[in-house]
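Novice: So here's work24.txt, just compact mmCIF, C-alpha atoms:
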```
# COMPACT_ATOMS: atom_id res chain seq x y z
CA MET A 1301 -5.07 41.02 81.49
CA LEU A 1302 -1.43 39.99 81.04
CA ALA A 1303 -0.91 36.54 79.53
CA GLY A 1304 2.21 34.41 79.21
CA ASP A 1305 3.04 32.07 76.33
CA TRP A 1306 0.08 30.49 74.53
CA HIS A 1307 1.97 28.24 72.07
CA GLY A 1308 -1.00 28.02 69.74
CA ASN A 1309 -3.09 26.24 72.37
CA GLU A 1310 -6.71 26.83 71.36
CA GLN A 1311 -8.17 25.69 74.67
CA TRP A 1312 -5.78 27.91 76.62
CA ALA A 1313 -6.62 30.92 74.43
CA ARG A 1314 -10.27 30.36 75.30
CA ILE A 1315 -9.50 29.93 79.02
CA SER A 1316 -7.40 33.12 79.02
CA CYS A 1317 -10.13 35.15 77.34
CA GLU A 1318 -12.73 33.77 79.75
CA ALA A 1319 -10.48 34.84 82.64
CA ALA A 1320 -10.32 38.33 81.14
CA LEU A 1321 -14.11 38.50 81.00
CA ARG A 1322 -14.42 37.17 84.54
CA ASN A 1323 -12.03 39.83 85.82
CA GLY A 1324 -13.58 42.69 83.85
CA CYS A 1325 -10.53 43.13 81.58
CA GLN A 1326 -11.35 44.70 78.23
CA ARG A 1327 -7.78 44.32 76.95
CA ILE A 1328 -5.43 41.34 76.88
CA LEU A 1329 -1.68 41.78 76.40
CA GLN A 1330 -0.14 38.45 75.36
CA LEU A 1331 3.62 38.29 75.86
CA GLY A 1332 4.90 36.22 72.93
CA ASP A 1333 5.06 32.62 71.71
CA PHE A 1334 1.55 33.41 70.60
CA GLY A 1335 1.32 30.46 68.20
CA LEU A 1336 1.35 31.81 64.65
CA TRP A 1337 2.62 28.62 63.02
CA PRO A 1338 2.84 27.44 59.38
CA GLY A 1339 -0.31 26.10 57.80
CA ARG A 1340 -2.64 27.25 60.56
CA GLU A 1341 -2.14 31.03 60.71
CA ASP A 1342 -5.62 31.99 59.53
CA ALA A 1343 -7.41 29.33 61.58
CA TRP A 1344 -5.51 30.35 64.72
CA LEU A 1345 -6.19 34.06 64.24
CA ASP A 1346 -9.87 33.34 63.58
CA HIS A 1347 -10.10 31.23 66.73
CA VAL A 1348 -8.39 33.81 68.93
CA ASP A 1349 -10.51 36.59 67.44
CA GLN A 1350 -13.66 34.64 68.23
CA CYS A 1351 -12.50 34.04 71.82
CA ALA A 1352 -11.62 37.71 72.32
CA ARG A 1353 -14.88 38.98 70.87
CA LYS A 1354 -16.86 36.58 73.04
CA ALA A 1355 -14.99 37.99 76.05
CA GLU A 1356 -15.71 41.55 74.85
CA ALA A 1357 -11.94 42.18 74.86
CA HIS A 1358 -9.25 43.21 72.42
CA LEU A 1359 -6.06 41.15 72.24
CA VAL A 1360 -2.66 42.72 71.60
CA TRP A 1361 0.16 40.20 71.22
CA LEU A 1362 3.95 40.27 70.86
CA ASP A 1363 5.94 37.93 68.68
CA GLY A 1364 8.06 35.40 70.55
CA ASN A 1365 10.71 33.09 69.20
CA HIS A 1366 8.18 30.38 68.31
CA GLU A 1367 6.27 32.17 65.54
CA ASN A 1368 6.29 31.97 61.75
CA HIS A 1369 8.42 35.07 61.28
CA ASP A 1370 8.32 34.75 57.48
CA ALA A 1371 4.54 35.10 57.61
CA LEU A 1372 4.84 38.06 59.98
CA GLU A 1373 7.02 39.88 57.46
CA GLU A 1374 4.06 39.83 55.06
CA TRP A 1375 1.95 41.60 57.67
CA ARG A 1376 4.55 44.19 58.65
CA PRO A 1377 3.72 46.70 55.86
CA PHE A 1378 0.24 47.05 57.38
CA ALA A 1379 1.56 48.49 60.65
CA ASP A 1380 0.08 51.85 61.61
CA GLU A 1381 2.10 54.84 62.79
CA CYS A 1382 2.31 53.29 66.28
CA GLY A 1383 3.71 50.00 64.98
CA LEU A 1384 0.45 48.07 65.52
CA VAL A 1385 -0.97 45.65 62.94
CA ARG A 1386 -4.70 44.89 63.10
CA MET A 1387 -4.87 41.23 62.02
CA ARG A 1388 -8.49 40.57 62.96
CA GLU A 1389 -11.33 42.65 64.43
CA SER A 1390 -10.15 41.93 67.99
CA VAL A 1391 -6.54 40.80 67.41
CA THR A 1392 -3.59 43.17 66.99
CA TRP A 1393 0.11 42.39 66.63
CA ALA A 1394 2.44 44.84 68.41
CA THR A 1395 5.58 44.83 66.26
CA ARG A 1396 8.99 45.38 67.84
CA GLY A 1397 9.28 49.02 68.75
CA ALA A 1398 5.51 49.61 68.82
CA ARG A 1399 4.23 52.24 71.24
CA TRP A 1400 0.70 53.00 72.35
CA GLU A 1401 -1.32 54.35 75.28
CA TRP A 1402 -4.00 52.74 77.41
CA ASN A 1403 -5.75 55.00 79.92
CA GLY A 1404 -2.94 57.52 79.59
CA LEU A 1405 -0.22 54.95 80.35
CA ARG A 1406 2.61 54.55 77.84
CA PHE A 1407 3.22 50.99 76.62
CA GLY A 1408 6.03 49.71 74.44
CA ALA A 1409 6.66 46.33 72.78
CA LEU A 1410 9.91 44.50 72.15
CA GLY A 1411 9.10 40.94 71.09
CA GLY A 1412 11.50 38.24 69.99
CA ALA A 1413 13.89 35.86 71.74
CA VAL A 1414 16.48 33.15 71.05
CA SER A 1415 15.35 29.51 70.74
CA LEU A 1416 17.90 27.66 72.82
CA ASP A 1417 16.74 24.41 71.25
CA ARG A 1418 17.10 25.61 67.67
CA PHE A 1419 19.72 22.94 66.98
CA LEU A 1420 16.81 20.48 67.25
CA ARG A 1421 14.63 22.49 64.86
CA ARG A 1422 14.47 23.00 61.09
CA GLU A 1423 14.68 26.47 59.55
CA GLY A 1424 11.47 27.53 57.83
CA HIS A 1425 9.55 24.71 59.48
CA ASN A 1426 9.69 25.34 63.22
CA TRP A 1427 12.50 27.88 63.54
CA TRP A 1428 13.15 31.23 61.86
CA PRO A 1429 16.20 33.55 62.09
CA GLY A 1430 13.77 36.47 62.46
CA GLU A 1431 13.15 35.40 66.05
CA GLU A 1432 16.20 37.28 67.33
CA ILE A 1433 15.99 40.82 68.72
CA THR A 1434 18.19 43.31 66.89
CA ARG A 1435 19.63 46.69 67.74
CA SER A 1436 17.37 48.15 65.07
CA ASP A 1437 14.39 46.87 67.07
CA VAL A 1438 15.66 48.70 70.16
CA ASP A 1439 16.32 51.85 68.15
CA ARG A 1440 12.80 51.68 66.75
CA LEU A 1441 11.46 51.63 70.31
CA GLY A 1442 13.52 54.77 70.92
CA ASP A 1443 14.33 56.83 73.98
CA GLU A 1444 11.01 58.34 75.02
CA PRO A 1445 9.97 57.19 78.52
CA LEU A 1446 7.53 54.30 78.99
CA ASP A 1447 5.37 53.21 81.88
CA VAL A 1448 5.23 49.55 80.80
CA LEU A 1449 7.68 47.69 78.57
CA ALA A 1450 6.30 44.38 77.27
CA THR A 1451 8.89 41.89 76.04
CA HIS A 1452 9.14 38.17 75.37
CA THR A 1453 12.69 37.62 76.57
CA PRO A 1454 13.60 39.03 80.01
CA PRO A 1455 16.32 41.53 80.88
CA THR A 1456 19.52 40.16 82.42
CA ALA A 1457 18.90 42.02 85.66
CA VAL A 1458 16.44 39.42 86.96
CA SER A 1459 17.09 36.10 88.66
CA PRO A 1460 14.06 33.79 88.44
CA PRO A 1461 14.40 30.28 89.85
CA LEU A 1462 15.67 28.32 86.84
CA ARG A 1463 17.56 25.07 86.46
CA PRO A 1464 20.99 25.21 84.78
CA LEU A 1465 20.47 25.06 81.03
CA PRO A 1466 22.31 22.20 79.24
CA PHE A 1467 22.57 24.02 75.90
CA PRO A 1468 25.55 24.78 73.64
CA GLN A 1469 27.58 27.75 74.81
CA ALA A 1470 27.12 29.54 71.49
CA LEU A 1471 23.34 29.53 71.98
CA LEU A 1472 23.67 30.70 75.56
CA ASP A 1473 25.84 33.56 74.28
CA ASP A 1474 23.16 34.46 71.71
CA ASP A 1475 20.55 34.43 74.47
CA ARG A 1476 22.71 36.67 76.66
CA ARG A 1477 23.12 39.11 73.78
CA ALA A 1478 19.35 39.23 73.22
CA ARG A 1479 18.73 39.88 76.91
CA SER A 1480 21.37 42.62 76.91
CA LEU A 1481 19.38 44.37 74.17
CA VAL A 1482 16.34 44.27 76.46
CA ASP A 1483 18.60 45.78 79.15
CA GLU A 1484 19.43 48.59 76.75
CA ALA A 1485 15.76 49.19 76.02
CA VAL A 1486 15.07 49.40 79.76
CA ARG A 1487 17.88 51.92 80.24
CA ARG A 1488 16.67 54.05 77.37
CA THR A 1489 12.94 54.06 78.19
CA ALA A 1490 13.04 53.84 82.02
CA PRO A 1491 9.76 51.89 82.45
CA LYS A 1492 8.16 51.44 85.85
CA LEU A 1493 7.24 47.87 84.93
CA VAL A 1494 8.68 45.23 82.59
CA VAL A 1495 6.45 42.24 81.77
CA HIS A 1496 7.58 39.19 79.81
CA GLY A 1497 7.02 35.50 79.03
CA HIS A 1498 9.51 33.01 77.51
CA LEU A 1499 10.93 31.47 80.70
CA HIS A 1500 7.71 29.59 81.59
CA VAL A 1501 8.14 30.67 85.21
CA ARG A 1502 5.97 33.02 87.28
CA TYR A 1503 8.05 35.40 89.38
CA THR A 1504 8.41 39.00 90.50
CA SER A 1505 11.68 40.87 90.76
CA GLU A 1506 12.05 44.33 92.28
CA ARG A 1507 14.86 46.52 90.97
CA ASP A 1508 15.93 50.09 91.75
CA GLY A 1509 12.86 52.06 90.75
CA TRP A 1510 11.31 49.40 88.50
CA ARG A 1511 9.79 45.96 88.65
CA VAL A 1512 9.83 42.83 86.50
CA GLU A 1513 6.89 40.43 86.24
CA GLY A 1514 7.47 37.11 84.47
CA LEU A 1515 4.44 35.07 83.38
CA ALA A 1516 4.34 31.30 82.84
CA HIS A 1517 2.73 29.42 79.92
CA ASP A 1518 -0.21 27.35 78.71
CA LYS A 1519 0.90 24.24 80.63
CA SER A 1520 0.80 26.10 83.95
CA SER A 1521 -2.06 27.30 86.12
CA GLU A 1522 -4.10 30.44 85.51
CA ARG A 1523 -2.53 31.89 88.62
CA ASP A 1524 0.97 31.54 87.16
CA SER A 1525 0.19 32.35 83.52
CA LEU A 1526 -2.29 35.23 83.80
CA ALA A 1527 -2.28 38.46 85.78
CA VAL A 1528 -4.47 41.53 86.05
CA LEU A 1529 -2.71 44.87 85.67
CA GLU A 1530 -4.59 47.77 87.27
CA LEU A 1531 -3.94 50.62 84.86
CA ASP A 1532 -4.84 53.31 87.38
CA SER A 1533 -2.05 52.13 89.66
CA ILE A 1534 0.81 50.85 87.54
CA LEU A 1535 2.75 49.48 90.50
CA GLN A 1536 -0.13 47.20 91.51
CA ALA A 1537 -0.26 43.95 89.54
CA GLY A 1538 -2.81 41.62 91.09
CA LEU A 1539 -3.40 38.02 90.11
CA PRO A 1540 -6.76 36.87 88.79
CA GLY A 1541 -8.75 34.89 91.25
```
What does this structure look like when you write it as C-alpha cells?

Specialist:
Amino acid sequence: MLAGDWHGNEQWARISCEAALRNGCQRILQLGDFGLWPGREDAWLDHVDQCARKAEAHLVWLDGNHENHDALEEWRPFADECGLVRMRESVTWATRGARWEWNGLRFGALGGAVSLDRFLRREGHNWWPGEEITRSDVDRLGDEPLDVLATHTPPTAVSPPLRPLPFPQALLDDDRRARSLVDEAVRRTAPKLVVHGHLHVRYTSERDGWRVEGLAHDKSSERDSLAVLELDSILQAGLPG
C-alpha cells in the first residue's frame, strides 16, 4: 500500500491501515509528512504502531518537510546498514538514501522537501532547516539501479494540475533546487517508478521509460491518497477499491 501525506492525523492513519488490510497489503509505504511533531512523537508512533499491527502490516515511512527533524536526528544513529530505523515493532523510518528489497524489487528513499510557507512558521516549533534535501542525501542513495524511488518532493519532470503558487521567489527557487536534486537521483538510479506525496494531488505522469505517481493527503479521498502497488508487476499500480 502506498500512502500520501498523513499530517499526524490519527483517524486517517487508522483508515489507511484498514485499507491495507482490506486489500491484502502486508506493507505500507508512507510518502512523507508523516506527522512526527513536537510533544507528541511517542504517542503518535504508538498509535501508528497499534494501527499497523491490527492490520497485520508493517509501515515504512519517509520524512517530509513537516516533521520534527531535530527529534529525527536523535534516531538517526540507530539506522541499520540499509538506512532503516526501527522505531516501533511495526513502524520503520526510511532515512534519506535508505535502500531495501521487497519481493526482489529494489526500493530507495529520498525524503525531505521545502516548506513554501515557512515564512509563516517558527523554527524549532513547526519548521526545521533539516527539512531540505541535500546533495549528501543524493550521494548516500548512490548510483546503483532502483526499481522504485520513493520521495516526498517530486522531480521537476512532472506537470500535475496545480494552481500558480503565490509564494516568495526565494522560496520557489529553494523548491526548484530541491526538486532538481530528486531529478539527479532519478538520473543516477534509473527507477522504473517514482512515487511521492507533498503536492496533495493525485496524478500519474509517464516519462521516457519511467513513471511518476503522486499521492494526495489525509484531507482527500482514499482513492486519491492510497494506492496498491503490485510488486510482481512493477508497472501496474492499481487503486484500492

Novice: Just how far from atom CA of A:Glu1389 is atom CA of A:Glu1310, in Å to one decimal?

Specialist: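 These two atoms are separated by 17.9 Å.
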
Novice: Excluding stretch 1430-1432 of chain A and residues on its chain fewer than 4 positions from it, collect all residues at most 10 Å away from it, counting all atoms listed in the file, and give them as a list in words.

Specialist: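 Residues meeting the cut-off are Asp1363, Gly1364, Asn1365, His1366, Glu1367, Asn1368, His1369, Asp1370, Leu1372, Glu1373, Gly1411, Gly1412, Ala1413, Val1414, Ser1415, Asp1437, Thr1453, Asp1474, Asp1475, Arg1477 and Ala1478 of chain A.
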
Novice: Could you give me, as a PDB file with C-alpha atoms, keeping the file's coordinate frame, the residues within 10 Å of A:Leu1410, counting all atoms listed in the file and dropping anything in the same chain fewer than 5 positions from it?

Specialist:
```
ATOM      1  CA  LEU A1331       3.620  38.290  75.860  1.00  0.00           C
ATOM      2  CA  GLY A1332       4.900  36.220  72.930  1.00  0.00           C
ATOM      3  CA  LEU A1362       3.950  40.270  70.860  1.00  0.00           C
ATOM      4  CA  ASP A1363       5.940  37.930  68.680  1.00  0.00           C
ATOM      5  CA  GLY A1364       8.060  35.400  70.550  1.00  0.00           C
ATOM      6  CA  ALA A1394       2.440  44.840  68.410  1.00  0.00           C
ATOM      7  CA  THR A1395       5.580  44.830  66.260  1.00  0.00           C
ATOM      8  CA  ARG A1396       8.990  45.380  67.840  1.00  0.00           C
ATOM      9  CA  GLY A1397       9.280  49.020  68.750  1.00  0.00           C
ATOM     10  CA  ALA A1398       5.510  49.610  68.820  1.00  0.00           C
ATOM     11  CA  ARG A1399       4.230  52.240  71.240  1.00  0.00           C
ATOM     12  CA  ILE A1433      15.990  40.820  68.720  1.00  0.00           C
ATOM     13  CA  THR A1434      18.190  43.310  66.890  1.00  0.00           C
ATOM     14  CA  ASP A1437      14.390  46.870  67.070  1.00  0.00           C
ATOM     15  CA  VAL A1438      15.660  48.700  70.160  1.00  0.00           C
ATOM     16  CA  ARG A1440      12.800  51.680  66.750  1.00  0.00           C
ATOM     17  CA  LEU A1441      11.460  51.630  70.310  1.00  0.00           C
ATOM     18  CA  LEU A1449       7.680  47.690  78.570  1.00  0.00           C
ATOM     19  CA  ALA A1450       6.300  44.380  77.270  1.00  0.00           C
ATOM     20  CA  THR A1451       8.890  41.890  76.040  1.00  0.00           C
ATOM     21  CA  HIS A1452       9.140  38.170  75.370  1.00  0.00           C
ATOM     22  CA  THR A1453      12.690  37.620  76.570  1.00  0.00           C
ATOM     23  CA  LEU A1481      19.380  44.370  74.170  1.00  0.00           C
ATOM     24  CA  VAL A1482      16.340  44.270  76.460  1.00  0.00           C
ATOM     25  CA  ALA A1485      15.760  49.190  76.020  1.00  0.00           C
ATOM     26  CA  HIS A1496       7.580  39.190  79.810  1.00  0.00           C
TER      27      HIS A1496
END
```

Novice: Provide the atom CA of A:Ala1527 to atom CA of A:Ser1480 distance in Å, to one decimal place.

Specialist: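 Distance reported for this atom pair: 25.6 Å.
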
Novice: Do you know which residues lie at most 10 Å from (-11.4, 40.7, 68.8), with coordinates as in the file and all atoms listed in the file counted, and could you write them as a PDB file with C-alpha atoms, in the frame of the given file?

Specialist:
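point16.pdb was written with the following content:
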```pdb
ATOM      1  CA  ARG A1327      -7.780  44.320  76.950  1.00  0.00           C
ATOM      2  CA  LEU A1345      -6.190  34.060  64.240  1.00  0.00           C
ATOM      3  CA  ASP A1346      -9.870  33.340  63.580  1.00  0.00           C
ATOM      4  CA  HIS A1347     -10.100  31.230  66.730  1.00  0.00           C
ATOM      5  CA  VAL A1348      -8.390  33.810  68.930  1.00  0.00           C
ATOM      6  CA  ASP A1349     -10.510  36.590  67.440  1.00  0.00           C
ATOM      7  CA  GLN A1350     -13.660  34.640  68.230  1.00  0.00           C
ATOM      8  CA  CYS A1351     -12.500  34.040  71.820  1.00  0.00           C
ATOM      9  CA  ALA A1352     -11.620  37.710  72.320  1.00  0.00           C
ATOM     10  CA  ARG A1353     -14.880  38.980  70.870  1.00  0.00           C
ATOM     11  CA  LYS A1354     -16.860  36.580  73.040  1.00  0.00           C
ATOM     12  CA  ALA A1355     -14.990  37.990  76.050  1.00  0.00           C
ATOM     13  CA  GLU A1356     -15.710  41.550  74.850  1.00  0.00           C
ATOM     14  CA  ALA A1357     -11.940  42.180  74.860  1.00  0.00           C
ATOM     15  CA  HIS A1358      -9.250  43.210  72.420  1.00  0.00           C
ATOM     16  CA  LEU A1359      -6.060  41.150  72.240  1.00  0.00           C
ATOM     17  CA  VAL A1360      -2.660  42.720  71.600  1.00  0.00           C
ATOM     18  CA  ARG A1386      -4.700  44.890  63.100  1.00  0.00           C
ATOM     19  CA  MET A1387      -4.870  41.230  62.020  1.00  0.00           C
ATOM     20  CA  ARG A1388      -8.490  40.570  62.960  1.00  0.00           C
ATOM     21  CA  GLU A1389     -11.330  42.650  64.430  1.00  0.00           C
ATOM     22  CA  SER A1390     -10.150  41.930  67.990  1.00  0.00           C
ATOM     23  CA  VAL A1391      -6.540  40.800  67.410  1.00  0.00           C
ATOM     24  CA  THR A1392      -3.590  43.170  66.990  1.00  0.00           C
TER      25      THR A1392
END
```

Novice: Have a look at atom CA of A:Arg1487 and atom CA of A:Gly1514 and let me know their distance in Å, one decimal.

Specialist: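 According to the coordinates, atom CA of A:Arg1487 and atom CA of A:Gly1514 are separated by 18.6 Å.
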
Novice: So that I can see what lies close to stretch 1503-1510 of chain A, please list as JSON, numbers by chain the residues with an atom at most 7 Å from it, counting all atoms listed in the file and leaving out residues fewer than 6 positions away in the same chain.

Specialist: {"A": [1458, 1460, 1491, 1492, 1493]}

Novice: Let me make sure I understand: among A:Leu1336, A:Arg1376, A:Glu1423, A:Val1486, which one has the smallest atom-to-atom distance to A:Gly1408 if we use all atoms listed in the file?

Specialist: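 Comparing A:Leu1336, A:Arg1376, A:Glu1423, A:Val1486 against A:Gly1408, the winner is A:Val1486.
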
Novice: Step by step: start from the point (4.1, 47.7, 84.9) in the file's coordinates, keep every protein, DNA or RNA residue that has an atom no farther than 10 Å from it, count only C-alpha atoms, and write the set as a list in words.

Specialist: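 In the file's frame, the residues around the point are Leu1405, Arg1406, Phe1407, Leu1446, Asp1447, Val1448, Leu1449, Ala1450, Pro1491, Lys1492, Leu1493, Val1494, Val1495, Trp1510, Arg1511, Val1512, Glu1513, Leu1529, Glu1530, Leu1531, Ser1533, Ile1534, Leu1535, Gln1536 and Ala1537 of chain A.
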
Novice: When distances are computed from all atoms listed in the file, which of A:Gly1424, A:Leu1515, A:Ala1490, A:Leu1384 shows the smallest separation from A:Gln1330?

Specialist: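 Among the listed residues, the smallest separation from A:Gln1330 belongs to A:Leu1515.
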
Novice: A:Ala1470, A:Met1301, A:Gly1497, A:Leu1416: which is nearest A:Cys1317, counting only C-alpha atoms?

Specialist: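 So, comparing all the options, the nearest one is A:Met1301.
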
Novice: I'd like to know which of A:Ala1303, A:Cys1382, A:Trp1428, A:Trp1375 is closest to A:Trp1337, using only C-alpha atoms.

Specialist: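 Smallest separation from A:Trp1337 among the options: A:Trp1428.
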
Novice: Take stretch 1365-1389 of chain A, bring it up to N, CA and C atoms, and give me the output as a short mmCIF file (atom, residue, chain, number, x, y, z; two decimals), keeping the file's coordinate frame.

Specialist:
```cif
data_model
loop_
_atom_site.label_atom_id
_atom_site.label_comp_id
_atom_site.auth_asym_id
_atom_site.auth_seq_id
_atom_site.Cartn_x
_atom_site.Cartn_y
_atom_site.Cartn_z
N ASN A 1365 9.81 33.81 70.09
CA ASN A 1365 10.71 33.09 69.20
C ASN A 1365 9.96 32.02 68.41
N HIS A 1366 8.92 31.43 69.00
CA HIS A 1366 8.18 30.38 68.31
C HIS A 1366 6.99 30.96 67.54
N GLU A 1367 7.28 31.66 66.47
CA GLU A 1367 6.27 32.17 65.54
C GLU A 1367 6.79 31.96 64.12
N ASN A 1368 5.89 31.98 63.16
CA ASN A 1368 6.29 31.97 61.75
C ASN A 1368 6.69 33.39 61.36
N HIS A 1369 7.97 33.70 61.53
CA HIS A 1369 8.42 35.07 61.28
C HIS A 1369 8.40 35.43 59.80
N ASP A 1370 8.47 34.45 58.92
CA ASP A 1370 8.32 34.75 57.48
C ASP A 1370 6.92 35.27 57.20
N ALA A 1371 5.92 34.65 57.80
CA ALA A 1371 4.54 35.10 57.61
C ALA A 1371 4.34 36.49 58.21
N LEU A 1372 4.97 36.75 59.35
CA LEU A 1372 4.84 38.06 59.98
C LEU A 1372 5.40 39.16 59.10
N GLU A 1373 6.45 38.87 58.35
CA GLU A 1373 7.02 39.88 57.46
C GLU A 1373 6.01 40.33 56.42
N GLU A 1374 5.10 39.45 56.03
CA GLU A 1374 4.06 39.83 55.06
C GLU A 1374 3.03 40.77 55.67
N TRP A 1375 2.89 40.72 56.98
CA TRP A 1375 1.95 41.60 57.67
C TRP A 1375 2.57 42.94 58.03
N ARG A 1376 3.88 43.00 58.14
CA ARG A 1376 4.55 44.19 58.65
C ARG A 1376 4.19 45.48 57.90
N PRO A 1377 4.06 45.46 56.56
CA PRO A 1377 3.72 46.70 55.86
C PRO A 1377 2.39 47.31 56.27
N PHE A 1378 1.55 46.55 56.97
CA PHE A 1378 0.24 47.05 57.38
C PHE A 1378 0.26 47.71 58.75
N ALA A 1379 1.45 47.84 59.33
CA ALA A 1379 1.56 48.49 60.65
C ALA A 1379 1.15 49.95 60.55
N ASP A 1380 0.45 50.44 61.58
CA ASP A 1380 0.08 51.85 61.61
C ASP A 1380 1.25 52.67 62.15
N GLU A 1381 1.02 53.95 62.37
CA GLU A 1381 2.10 54.84 62.79
C GLU A 1381 2.63 54.49 64.18
N CYS A 1382 1.86 53.72 64.94
CA CYS A 1382 2.31 53.29 66.28
C CYS A 1382 3.07 51.97 66.24
N GLY A 1383 3.08 51.30 65.08
CA GLY A 1383 3.71 50.00 64.98
C GLY A 1383 2.77 48.85 65.28
N LEU A 1384 1.46 49.09 65.23
CA LEU A 1384 0.45 48.07 65.52
C LEU A 1384 -0.19 47.58 64.23
N VAL A 1385 -0.38 46.26 64.13
CA VAL A 1385 -0.97 45.65 62.94
C VAL A 1385 -2.29 44.99 63.34
N ARG A 1386 -3.38 45.47 62.81
CA ARG A 1386 -4.70 44.89 63.10
C ARG A 1386 -4.88 43.65 62.21
N MET A 1387 -4.83 42.46 62.79
CA MET A 1387 -4.87 41.23 62.02
C MET A 1387 -6.28 40.65 61.94
N ARG A 1388 -7.09 40.93 62.94
CA ARG A 1388 -8.49 40.57 62.96
C ARG A 1388 -9.22 41.66 63.73
N GLU A 1389 -10.54 41.60 63.77
CA GLU A 1389 -11.33 42.65 64.43
C GLU A 1389 -10.85 42.89 65.86
#
```
